[in-house]
Amino acid sequence: MRKLLTSKWTKAVLFTAALVPFLDLLVRVFTAGLGPNPVEFVQHATGDWTIRFIVFTLAISPLRKLLNIPELIRFRRMLGLFAFFYVCLHFLTYIGPDQSFSLAGMWHDVAKRPFITVGFLGFVLLIPLALTSTAGWIRRLGGRRWQMLHRAVYVTAICGVVHYYWLVKSDVRAPLFYGAAVAALLLWRVADALRRRRRAPVPGHAREASVRT
Amino acid sequence: MLIRRGPDLKYSDVTPKSIYLNRRGFLRRLGIAGAAAAAGKGLWNLALPRQSVLALDKLDVKVKSPFSTTEKITPFDDVTHYNNFYEFGTGKSDPARNAKNFRTSPWTVSVEGECRKPRKYSLEELRALAPLEERIYRHRCVEAWSIVVPWIGYSLSVLINLAEPTPKAKYVAFQSFFDHNVMPEAKYAGIDFPYVEGLRLDEAMHPLTLLCFGMYGESLPPQDGAPVRTVIPWKYGFKNTKSLVKIKFQEHQPPTTWNMANPHEYGFYSNVNPNVDHPRWSQATERRLGDIFKHKTLMFNGYDQVASLYTGMDLRKYY
């Protein structure tokens with residue numbers, strides 16, 4: 001299992017798998033498989049895959065600890081960058097077909113409509129995270145600061161769920177499903193932080209704490 | 001010599017649906033052969049037949065309508081696979097799948113309430129009340145997409161006049177068929193059923209308001225509201241009532257489904273109005289199905305002749 005996870009091929013396989021939704025869209029473009037409303041089809045598919053990849057990314061840390069497979073960290077950056085890839089496509093369908101590439105129209109819409117505002121905020125917050133996802137940037141920022149910055153993905157995840165929830169007219173099953181997933185993953189982090197704080201070495205108990213690690 | 005028959009042509013004269021569906025199927029299969037090298041689950045969906053064989057009767061349309069638009073008609077396949085019919089599921093392609101076996105015969109429509117001649121009509125009786133007209137209308141959904149459909153029916157006013165509403169009748173309430181055994185998906189819709197809608201009596205009497213039995217030269221497919229529905233082209237699509245079972249005249253404004261679900265977003269009038277936005281999206285533009293970019297939405301969906309129904313009314317307040 002460990003060996004499989006650390007093999008360079010696993011990453012390649014996962015990369016290909018993460019591209020399948022995109023390839024599927026490409027095939028559909030060339031085979032008229034996008035249905036009666038092609039723009040909406042692409043918009044919804046890329047939106048769905050954005051929130052899914054955010055959930056996958058957020059699931060890495062809990063899974064590492066719960067299943068005790070630290071090697072999973074190898075895939076986190078890639079999954080996060082795929083979320084960014086799909087959100088870029090999602091945004092393109094909005095700024096292009098919906099807003100006819102009008103920045104003025106876009107700003108007007110972003111300012112006016114809450115569901116667009118939160119969606120846009122979630123997208124914008126991902127940009128610095130994608131840019132600073134390299135090893136060089138981790139070094140330049142320092143691990144601690146880098147980690148602080150990348151916690152912005154929590155806000156993006158919440159924005160994504162709210163954006164979806166405010167979009168649907170009445171059938172809220174899908175946004176609630178992603179909402180539950182994001183809530184569970186964020187609550188796990190809260191619980192984990194509290195647990196660590198409780199275990200943090202206090203003067204006099206230093207030895208005990210060091211034994212535990 | 002040229003044989004000029006243009007103006008007399010009806011939609012059904014163009015290409016029989018079975019032929020063009022075959023052609024589509026053929027082209028689709030060709031496409032699959034060509035793209036088979038590429039992977040993706042989309043291919044599998046494409047390989048499955050999209051069109052179930054519906055037993056649709058040909059409807060004999062005797063009258064062409066001056067109300068028809070000359071805009072390009074949306075393909076039948078799109079109009080039957082992109083539906084909001086929440087009783088059969090909330091996804092756009094759900095109704096085509098889930099309504100496939102919807103039984104619409106026998107069918108009765110009850111005309112009741114504040115009128116001198118209430119009665120129940122069988123579908124056959126109802127269809128025979130007036131010559132059927134083909135009316136090519138723009139149809140604008142509140143979700144900012146639109147289509148152009150060759151509906152078949154006659155003005156609802158024919159039926160209203162036969163019912164002889166009393167002076168007390170100010171509104172008309174409409175109700176859709178509902179049976180949760182037939183429509184199990186309805187429980188996830190997030191709105192209450194049966195679906196109810198309503199119009200002011202003068203709106204219902206307007207010649208544009210259509211009692212509709214068919215489209216594209218045939219009877220209505222289940223997912224488009226078989227066997228009988230209303231079409232009010234200057235209002236958002238949800239003001240239409242599909243699979244109509246009851247028409248009731250009443251003194252007070254009837255409750256309407258989407259208004260009950262979300263009163264801030266869906267008003268009783270719901271006239272197509274580019275100047276009054278839905279709280280969550282703009283109504284200034286719309287996307288015609290099949291188009292990439294949007295175009296400007298017209299006041300009353302371009303049916304200016306209804307403007308006089310609303311003189312003196314603040315359409316921002318009565319959205």
# chains A, B, ... in the order shown; residues from 1 in each chain; ligands from 1

$ interface_residues --of "chain A" --to "chain B" --cutoff "7 Å" --atoms "only C-alpha atoms" --output "list in words"
Val20, Leu23, Asp24, Arg28, Thr31, Gly33, Pro36, Asn37, Pro38, Val39, Pro97, Asp98, Ser100, Arg113, Phe115, Ser170 and Asp171 of chain A

$ residues_around --residues "Pro70 of chain A" --least-positions-apart "2" --cutoff "12 Å" --atoms "only C-alpha atoms" --output "list of chain:residue names"
A:Met1, A:Arg2, A:Leu5, A:Thr6, A:Ile60, A:Ser61, A:Pro62, A:Leu63, A:Arg64, A:Lys65, A:Leu66, A:Leu67, A:Asn68, A:Leu72, A:Ile73, A:Arg74, A:Phe75, A:Arg76

$ write_last_selection --atoms "C-alpha atoms" --output "PDB file, in the first residue's frame"
ATOM      1  CA  MET A   1       0.000   0.000   0.000  1.00  0.00           C
ATOM      2  CA  ARG A   2       2.707   2.466   1.061  1.00  0.00           C
ATOM      3  CA  LEU A   5       1.206   5.458  -2.790  1.00  0.00           C
ATOM      4  CA  THR A   6       4.794   6.575  -3.149  1.00  0.00           C
ATOM      5  CA  ILE A  60      -6.395  14.773   2.475  1.00  0.00           C
ATOM      6  CA  SER A  61      -5.350  15.968   5.934  1.00  0.00           C
ATOM      7  CA  PRO A  62      -8.097  14.131   7.854  1.00  0.00           C
ATOM      8  CA  LEU A  63      -7.468  10.959   5.860  1.00  0.00           C
ATOM      9  CA  ARG A  64      -3.722  11.127   6.506  1.00  0.00           C
ATOM     10  CA  LYS A  65      -4.314  11.194  10.226  1.00  0.00           C
ATOM     11  CA  LEU A  66      -7.359   8.971  10.516  1.00  0.00           C
ATOM     12  CA  LEU A  67      -5.962   6.252   8.273  1.00  0.00           C
ATOM     13  CA  ASN A  68      -2.401   6.960   9.294  1.00  0.00           C
ATOM     14  CA  LEU A  72      -1.315  11.050   0.905  1.00  0.00           C
ATOM     15  CA  ILE A  73       0.191  14.531   1.163  1.00  0.00           C
ATOM     16  CA  ARG A  74       1.823  13.888  -2.221  1.00  0.00           C
ATOM     17  CA  PHE A  75      -1.504  14.382  -3.947  1.00  0.00           C
ATOM     18  CA  ARG A  76      -2.846  17.421  -2.143  1.00  0.00           C
TER      19      ARG A  76
END

$ residues_around --residues "Asp60 of chain B" --least-positions-apart "6" --cutoff "10 Å" --atoms "only C-alpha atoms" --output "number ranges by chain"
B: 12, 131-134, 152, 217-219

$ write_last_selection --atoms "N, CA and C atoms" --output "compact mmCIF listing (two decimals), in the first residue's frame"
# COMPACT_ATOMS: atom_id res chain seq x y z
N SER B 12 -45.58 20.69 -39.46
CA SER B 12 -45.64 19.25 -39.69
C SER B 12 -45.37 18.86 -41.15
N PRO B 131 -61.60 25.14 -33.82
CA PRO B 131 -60.55 24.67 -34.73
C PRO B 131 -59.17 24.90 -34.13
N LEU B 132 -58.29 23.94 -34.30
CA LEU B 132 -56.95 24.06 -33.72
C LEU B 132 -56.08 24.98 -34.58
N GLU B 133 -55.36 25.84 -33.90
CA GLU B 133 -54.46 26.77 -34.58
C GLU B 133 -53.02 26.41 -34.24
N GLU B 134 -52.12 26.69 -35.16
CA GLU B 134 -50.71 26.61 -34.81
C GLU B 134 -50.23 28.01 -34.46
N ILE B 152 -49.93 24.14 -30.54
CA ILE B 152 -51.20 23.91 -31.22
C ILE B 152 -52.30 23.99 -30.18
N GLY B 217 -46.84 19.92 -34.67
CA GLY B 217 -47.74 19.13 -35.50
C GLY B 217 -48.32 17.90 -34.84
N GLU B 218 -47.99 17.69 -33.57
CA GLU B 218 -48.47 16.49 -32.88
C GLU B 218 -49.00 16.84 -31.50
N SER B 219 -49.63 15.83 -30.88
CA SER B 219 -50.11 16.05 -29.51
C SER B 219 -48.90 16.27 -28.59

$ closest_residue --among "A:Tyr154, A:Phe177, A:Trp49, A:Trp107" --to "Arg189 of chain A" --atoms "only C-alpha atoms"
A:Tyr154

$ atom_distance --atom1 "atom CA of Pro128 of chain A" --atom2 "atom CA of Phe84 of chain A"
10.6 Å

$ atom_distance --atom1 "atom CA of Glu164 of chain B" --atom2 "atom CA of Ser122 of chain B"
18.6 Å

$ atom_distance --atom1 "atom CA of Lys168 of chain B" --atom2 "atom CA of Phe213 of chain B"
29.0 Å

$ select_by_dssp --residues "segment 60-221 of chain B" --states "strand (DSSP E)" --output "VMD selection string"
chain B and resid 63 to 64 108 to 113 119 to 122 133 to 140 145 to 155 171 to 176 196 to 200 210 to 215 218 to 219

$ write_last_selection --atoms "C-alpha atoms" --output "PDB file, in the first residue's frame"
ATOM      1  CA  VAL B  63     -55.683  27.656 -38.920  1.00  0.00           C
ATOM      2  CA  LYS B  64     -52.430  29.574 -39.145  1.00  0.00           C
ATOM      3  CA  THR B 108     -60.944  15.075 -17.693  1.00  0.00           C
ATOM      4  CA  VAL B 109     -60.729  18.803 -17.156  1.00  0.00           C
ATOM      5  CA  SER B 110     -63.124  20.283 -14.649  1.00  0.00           C
ATOM      6  CA  VAL B 111     -64.388  23.822 -15.263  1.00  0.00           C
ATOM      7  CA  GLU B 112     -65.940  25.137 -12.069  1.00  0.00           C
ATOM      8  CA  GLY B 113     -66.382  28.005  -9.620  1.00  0.00           C
ATOM      9  CA  ARG B 119     -68.940  21.070 -16.280  1.00  0.00           C
ATOM     10  CA  LYS B 120     -66.360  18.386 -16.783  1.00  0.00           C
ATOM     11  CA  TYR B 121     -64.902  17.987 -20.240  1.00  0.00           C
ATOM     12  CA  SER B 122     -63.237  14.926 -21.614  1.00  0.00           C
ATOM     13  CA  GLU B 133     -54.456  26.770 -34.584  1.00  0.00           C
ATOM     14  CA  GLU B 134     -50.713  26.607 -34.807  1.00  0.00           C
ATOM     15  CA  ARG B 135     -49.081  29.454 -32.890  1.00  0.00           C
ATOM     16  CA  ILE B 136     -45.357  29.924 -32.970  1.00  0.00           C
ATOM     17  CA  TYR B 137     -44.583  31.696 -29.713  1.00  0.00           C
ATOM     18  CA  ARG B 138     -41.445  32.795 -27.936  1.00  0.00           C
ATOM     19  CA  HIS B 139     -41.250  31.097 -24.545  1.00  0.00           C
ATOM     20  CA  ARG B 140     -39.154  32.771 -21.861  1.00  0.00           C
ATOM     21  CA  TRP B 145     -33.335  30.838 -21.201  1.00  0.00           C
ATOM     22  CA  SER B 146     -35.824  30.874 -24.036  1.00  0.00           C
ATOM     23  CA  ILE B 147     -37.165  28.789 -26.899  1.00  0.00           C
ATOM     24  CA  VAL B 148     -39.475  29.237 -29.889  1.00  0.00           C
ATOM     25  CA  VAL B 149     -42.224  26.632 -30.055  1.00  0.00           C
ATOM     26  CA  PRO B 150     -44.979  25.916 -32.589  1.00  0.00           C
ATOM     27  CA  TRP B 151     -47.813  25.255 -30.139  1.00  0.00           C
ATOM     28  CA  ILE B 152     -51.198  23.913 -31.219  1.00  0.00           C
ATOM     29  CA  GLY B 153     -54.436  24.904 -29.565  1.00  0.00           C
ATOM     30  CA  TYR B 154     -56.987  27.675 -29.434  1.00  0.00           C
ATOM     31  CA  SER B 155     -57.583  30.781 -27.328  1.00  0.00           C
ATOM     32  CA  TYR B 171     -59.594  35.483 -11.426  1.00  0.00           C
ATOM     33  CA  VAL B 172     -59.039  32.076 -12.956  1.00  0.00           C
ATOM     34  CA  ALA B 173     -57.210  29.386 -11.004  1.00  0.00           C
ATOM     35  CA  PHE B 174     -55.485  26.499 -12.773  1.00  0.00           C
ATOM     36  CA  GLN B 175     -54.400  23.193 -11.347  1.00  0.00           C
ATOM     37  CA  SER B 176     -52.085  20.492 -12.669  1.00  0.00           C
ATOM     38  CA  VAL B 196     -51.392  25.690  -9.007  1.00  0.00           C
ATOM     39  CA  GLU B 197     -51.336  28.846 -11.065  1.00  0.00           C
ATOM     40  CA  GLY B 198     -53.645  31.726 -11.781  1.00  0.00           C
ATOM     41  CA  LEU B 199     -54.470  34.659 -14.003  1.00  0.00           C
ATOM     42  CA  ARG B 200     -56.678  37.683 -13.778  1.00  0.00           C
ATOM     43  CA  LEU B 210     -53.622  29.563 -25.428  1.00  0.00           C
ATOM     44  CA  LEU B 211     -55.289  26.350 -24.347  1.00  0.00           C
ATOM     45  CA  CYS B 212     -52.691  24.067 -25.819  1.00  0.00           C
ATOM     46  CA  PHE B 213     -52.989  20.430 -26.942  1.00  0.00           C
ATOM     47  CA  GLY B 214     -49.937  19.937 -29.073  1.00  0.00           C
ATOM     48  CA  MET B 215     -46.730  21.173 -30.599  1.00  0.00           C
ATOM     49  CA  GLU B 218     -48.465  16.493 -32.884  1.00  0.00           C
ATOM     50  CA  SER B 219     -50.107  16.052 -29.508  1.00  0.00           C
TER      51      SER B 219
END

$ closest_residue --among "A:Ser133, A:Leu103, A:Arg197, A:His44" --to "Val168 of chain A" --atoms "only C-alpha atoms"
A:His44

$ residues_around --residues "Gly267 of chain B" --least-positions-apart "2" --cutoff "10 Å" --atoms "only C-alpha atoms" --output "short mmCIF file (atom, residue, chain, number, x, y, z; two decimals) with N, CA and C atoms, in the first residue's frame"
data_model
loop_
_atom_site.label_atom_id
_atom_site.label_comp_id
_atom_site.auth_asym_id
_atom_site.auth_seq_id
_atom_site.Cartn_x
_atom_site.Cartn_y
_atom_site.Cartn_z
N LYS B 239 -45.69 30.39 -15.27
CA LYS B 239 -47.10 30.79 -15.18
C LYS B 239 -48.00 29.84 -15.98
N THR B 256 -50.48 30.81 -5.91
CA THR B 256 -49.74 30.19 -7.01
C THR B 256 -48.47 29.55 -6.46
N TRP B 258 -45.12 28.89 -7.17
CA TRP B 258 -43.80 29.46 -6.93
C TRP B 258 -43.87 30.68 -6.03
N ASN B 259 -44.99 31.38 -6.08
CA ASN B 259 -45.16 32.51 -5.18
C ASN B 259 -45.23 32.03 -3.73
N MET B 260 -45.89 30.90 -3.51
CA MET B 260 -45.96 30.36 -2.15
C MET B 260 -44.57 29.88 -1.70
N ASN B 262 -41.62 31.00 -2.68
CA ASN B 262 -40.67 32.08 -2.50
C ASN B 262 -41.26 33.41 -2.97
N PRO B 263 -42.06 34.04 -2.09
CA PRO B 263 -42.82 35.23 -2.51
C PRO B 263 -41.96 36.42 -2.96
N HIS B 264 -40.71 36.50 -2.47
CA HIS B 264 -39.87 37.64 -2.88
C HIS B 264 -39.34 37.48 -4.30
N GLU B 265 -39.33 36.26 -4.77
CA GLU B 265 -38.71 36.02 -6.07
C GLU B 265 -39.73 35.82 -7.19
N TYR B 269 -47.97 38.15 -10.95
CA TYR B 269 -48.05 38.56 -12.36
C TYR B 269 -46.95 37.92 -13.20
N SER B 270 -45.70 38.08 -12.76
CA SER B 270 -44.58 37.45 -13.46
C SER B 270 -44.59 37.67 -14.96
N ASN B 271 -44.88 38.91 -15.35
CA ASN B 271 -44.74 39.27 -16.76
C ASN B 271 -43.26 39.33 -17.11
N LYS B 317 -43.81 46.79 -8.47
CA LYS B 317 -44.50 46.33 -7.28
C LYS B 317 -45.24 45.01 -7.59
N TYR B 318 -45.91 45.01 -8.74
CA TYR B 318 -46.65 43.80 -9.13
C TYR B 318 -45.79 43.00 -10.09
N TYR B 319 -44.69 42.45 -9.58
CA TYR B 319 -43.78 41.70 -10.43
C TYR B 319 -44.29 40.28 -10.63
#

$ select_by_dssp --residues "segment 74-297 of chain B" --states "helix (DSSP H, G or I)" --output "MDAnalysis selection string"
chainID B and resid 76:79 86:88 94:98 123:127 156:163 184:188 201:205 222:224 237:239 257:261

$ residues_around --residues "segment 303-310 of chain B" --least-positions-apart "3" --cutoff "9 Å" --atoms "only C-alpha atoms" --output "PyMOL selection string"
chain B and resi 202-203+206+208+233-234+298-300+313-315

$ write_last_selection --atoms "C-alpha atoms" --output "compact mmCIF listing (two decimals), in the first residue's frame"
# COMPACT_ATOMS: atom_id res chain seq x y z
CA ASP B 202 -58.87 39.66 -18.41
CA GLU B 203 -55.45 38.05 -18.83
CA HIS B 206 -56.67 37.73 -23.88
CA LEU B 208 -52.84 35.31 -26.89
CA PRO B 233 -46.38 33.87 -23.95
CA TRP B 234 -45.83 37.25 -22.29
CA LEU B 298 -38.08 42.22 -24.63
CA MET B 299 -40.77 43.79 -22.46
CA PHE B 300 -43.71 41.36 -22.26
CA MET B 313 -49.98 49.43 -12.57
CA ASP B 314 -46.50 49.66 -11.06
CA LEU B 315 -44.91 46.57 -12.57

$ decode --residues "segment 200-315 of chain B" --atoms "C-alpha atoms" --output "tab-separated table (two decimals), in the first residue's frame"
chain	number	residue	atom	x	y	z
B	200	ARG	CA	-56.68	37.68	-13.78
B	201	LEU	CA	-59.83	37.03	-15.84
B	202	ASP	CA	-58.87	39.66	-18.41
B	203	GLU	CA	-55.45	38.05	-18.83
B	204	ALA	CA	-57.05	34.66	-19.28
B	205	MET	CA	-59.45	36.15	-21.84
B	206	HIS	CA	-56.67	37.73	-23.88
B	207	PRO	CA	-56.55	36.13	-27.34
B	208	LEU	CA	-52.84	35.31	-26.89
B	209	THR	CA	-53.59	33.02	-23.94
B	210	LEU	CA	-53.62	29.56	-25.43
B	211	LEU	CA	-55.29	26.35	-24.35
B	212	CYS	CA	-52.69	24.07	-25.82
B	213	PHE	CA	-52.99	20.43	-26.94
B	214	GLY	CA	-49.94	19.94	-29.07
B	215	MET	CA	-46.73	21.17	-30.60
B	216	TYR	CA	-44.67	20.49	-33.70
B	217	GLY	CA	-47.74	19.13	-35.50
B	218	GLU	CA	-48.47	16.49	-32.88
B	219	SER	CA	-50.11	16.05	-29.51
B	220	LEU	CA	-48.07	17.21	-26.51
B	221	PRO	CA	-45.35	14.85	-25.28
B	222	PRO	CA	-45.75	14.02	-21.56
B	223	GLN	CA	-42.77	16.10	-20.47
B	224	ASP	CA	-44.18	19.19	-22.16
B	225	GLY	CA	-47.48	19.01	-20.29
B	226	ALA	CA	-49.63	16.37	-22.00
B	227	PRO	CA	-52.43	16.19	-22.77
B	228	VAL	CA	-53.49	19.81	-22.27
B	229	ARG	CA	-51.77	22.89	-20.85
B	230	THR	CA	-51.88	26.64	-20.92
B	231	VAL	CA	-49.43	28.89	-22.76
B	232	ILE	CA	-49.21	32.55	-21.79
B	233	PRO	CA	-46.38	33.87	-23.95
B	234	TRP	CA	-45.83	37.25	-22.29
B	235	LYS	CA	-45.25	35.70	-18.85
B	236	TYR	CA	-42.41	33.59	-17.50
B	237	GLY	CA	-42.80	29.92	-18.28
B	238	PHE	CA	-43.82	28.87	-14.78
B	239	LYS	CA	-47.10	30.79	-15.18
B	240	ASN	CA	-48.18	28.07	-17.60
B	241	THR	CA	-49.95	25.05	-16.13
B	242	LYS	CA	-48.99	21.66	-17.52
B	243	SER	CA	-51.23	18.57	-17.53
B	244	LEU	CA	-54.22	20.71	-16.65
B	245	VAL	CA	-57.08	19.13	-14.68
B	246	LYS	CA	-58.95	22.06	-13.19
B	247	ILE	CA	-59.98	25.56	-14.19
B	248	LYS	CA	-61.79	27.52	-11.51
B	249	PHE	CA	-63.32	30.99	-11.64
B	250	GLN	CA	-63.09	32.93	-8.42
B	251	GLU	CA	-63.44	36.33	-6.84
B	252	HIS	CA	-60.08	36.42	-5.09
B	253	GLN	CA	-56.56	36.12	-6.38
B	254	PRO	CA	-55.63	32.44	-6.28
B	255	PRO	CA	-52.46	31.23	-4.56
B	256	THR	CA	-49.74	30.19	-7.01
B	257	THR	CA	-47.06	27.55	-6.48
B	258	TRP	CA	-43.80	29.46	-6.93
B	259	ASN	CA	-45.16	32.51	-5.18
B	260	MET	CA	-45.96	30.36	-2.15
B	261	ALA	CA	-42.51	28.76	-2.31
B	262	ASN	CA	-40.67	32.08	-2.50
B	263	PRO	CA	-42.82	35.23	-2.51
B	264	HIS	CA	-39.87	37.64	-2.88
B	265	GLU	CA	-38.71	36.02	-6.07
B	266	TYR	CA	-41.88	34.99	-7.89
B	267	GLY	CA	-44.85	37.31	-8.05
B	268	PHE	CA	-48.42	36.62	-9.12
B	269	TYR	CA	-48.05	38.56	-12.36
B	270	SER	CA	-44.58	37.45	-13.46
B	271	ASN	CA	-44.74	39.27	-16.76
B	272	VAL	CA	-41.53	39.02	-18.74
B	273	ASN	CA	-39.83	42.28	-17.83
B	274	PRO	CA	-36.17	43.07	-18.55
B	275	ASN	CA	-36.31	46.03	-16.14
B	276	VAL	CA	-37.25	44.04	-13.06
B	277	ASP	CA	-34.54	41.58	-12.10
B	278	HIS	CA	-35.02	38.36	-10.29
B	279	PRO	CA	-33.22	38.88	-6.94
B	280	ARG	CA	-30.62	36.28	-7.88
B	281	TRP	CA	-30.09	36.87	-11.58
B	282	SER	CA	-30.65	39.49	-14.25
B	283	GLN	CA	-33.71	39.38	-16.46
B	284	ALA	CA	-32.28	41.92	-18.90
B	285	THR	CA	-30.91	39.20	-21.17
B	286	GLU	CA	-31.70	35.63	-22.08
B	287	ARG	CA	-30.05	32.72	-23.83
B	288	ARG	CA	-31.96	31.11	-26.68
B	289	LEU	CA	-31.37	27.37	-26.40
B	290	GLY	CA	-28.50	26.41	-28.68
B	291	ASP	CA	-26.93	29.88	-28.58
B	292	ILE	CA	-23.65	30.63	-26.86
B	293	PHE	CA	-24.21	34.31	-26.11
B	294	LYS	CA	-27.24	35.99	-24.65
B	295	HIS	CA	-29.51	38.54	-26.25
B	296	LYS	CA	-31.72	41.29	-24.86
B	297	THR	CA	-35.05	40.32	-23.35
B	298	LEU	CA	-38.08	42.22	-24.63
B	299	MET	CA	-40.77	43.79	-22.46
B	300	PHE	CA	-43.71	41.36	-22.26
B	301	ASN	CA	-41.46	38.98	-24.20
B	302	GLY	CA	-42.19	41.13	-27.27
B	303	TYR	CA	-45.99	40.81	-26.96
B	304	ASP	CA	-46.68	44.53	-26.61
B	305	GLN	CA	-50.37	44.06	-27.31
B	306	VAL	CA	-50.87	43.03	-23.68
B	307	ALA	CA	-49.51	46.32	-22.30
B	308	SER	CA	-53.02	47.77	-21.98
B	309	LEU	CA	-53.89	45.07	-19.43
B	310	TYR	CA	-51.48	46.74	-17.03
B	311	THR	CA	-51.97	50.47	-17.57
B	312	GLY	CA	-51.57	52.38	-14.35
B	313	MET	CA	-49.98	49.43	-12.57
B	314	ASP	CA	-46.50	49.66	-11.06
B	315	LEU	CA	-44.91	46.57	-12.57
